[in-house]
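Enquirer: Here's a structure for you.
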Amino acid sequence: MKGILIEPGKAPVATTLPENLQGIEAWAGGTVDNYIFPRTPAVLFSRTAGAPINRVLRGAPLCG
């Protein structure tokens with residue numbers, strides 16, 4: 001699947017991501033949470049374990 005990689009201090013980069021959650025967790029190097037946006041064909045994946053908070057979505061902090 002196609003995705004946009006956003007890392008702190010770097011410009012966003014279009015990339016190819018694994019097709020399943022286990023592959024994404026292996027690629028990200030840790031446990032991953034996801035947020036499915038209503039009315040939009042998009043999903044936000046974010047690291048959860050040991051990652052500093054670097055994004056806020058609708059007032060809720062997310063790790064990335």
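FYI, nothing fancy with the structure tokens labels: chains A, B, ... in order, residues from 1 per chain, ligands from 1 as they appear.
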Tell me which protein, DNA and RNA residues are within 10 Å of A:Leu21, counting only C-alpha atoms, leaving out same-chain ones fewer than 4 positions away, and put them as a list of chain:residue names.
Expert: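 Counting only C-alpha atoms, the residues come to A:Glu25, A:Ala26, A:Trp27, A:Thr31, A:Val32, A:Asp33, A:Asn34, A:Phe45.
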Enquirer: Extract, using only C-alpha atoms, all DNA, RNA and protein residues at most 12 Å from A:Phe37, discarding same-chain residues fewer than 5 positions from it, and format them as a list in words.
Expert: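 Once the adjacent positions are removed, what remains is Ala42, Val43, Leu44, Phe45, Leu57 and Arg58 of chain A.
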Enquirer: Enter the distance from atom CA of A:Gly9 to atom CA of A:Ala28, in Å, rounded to one decimal.
Expert: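 Those two atoms sit 17.1 Å apart.
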Enquirer: Kindly indicate which residue among A:Ala60, A:Arg39, A:Gly29, A:Lys2 lies nearest to A:Thr16, using only C-alpha atoms for the distances.
Expert: A:Lys2
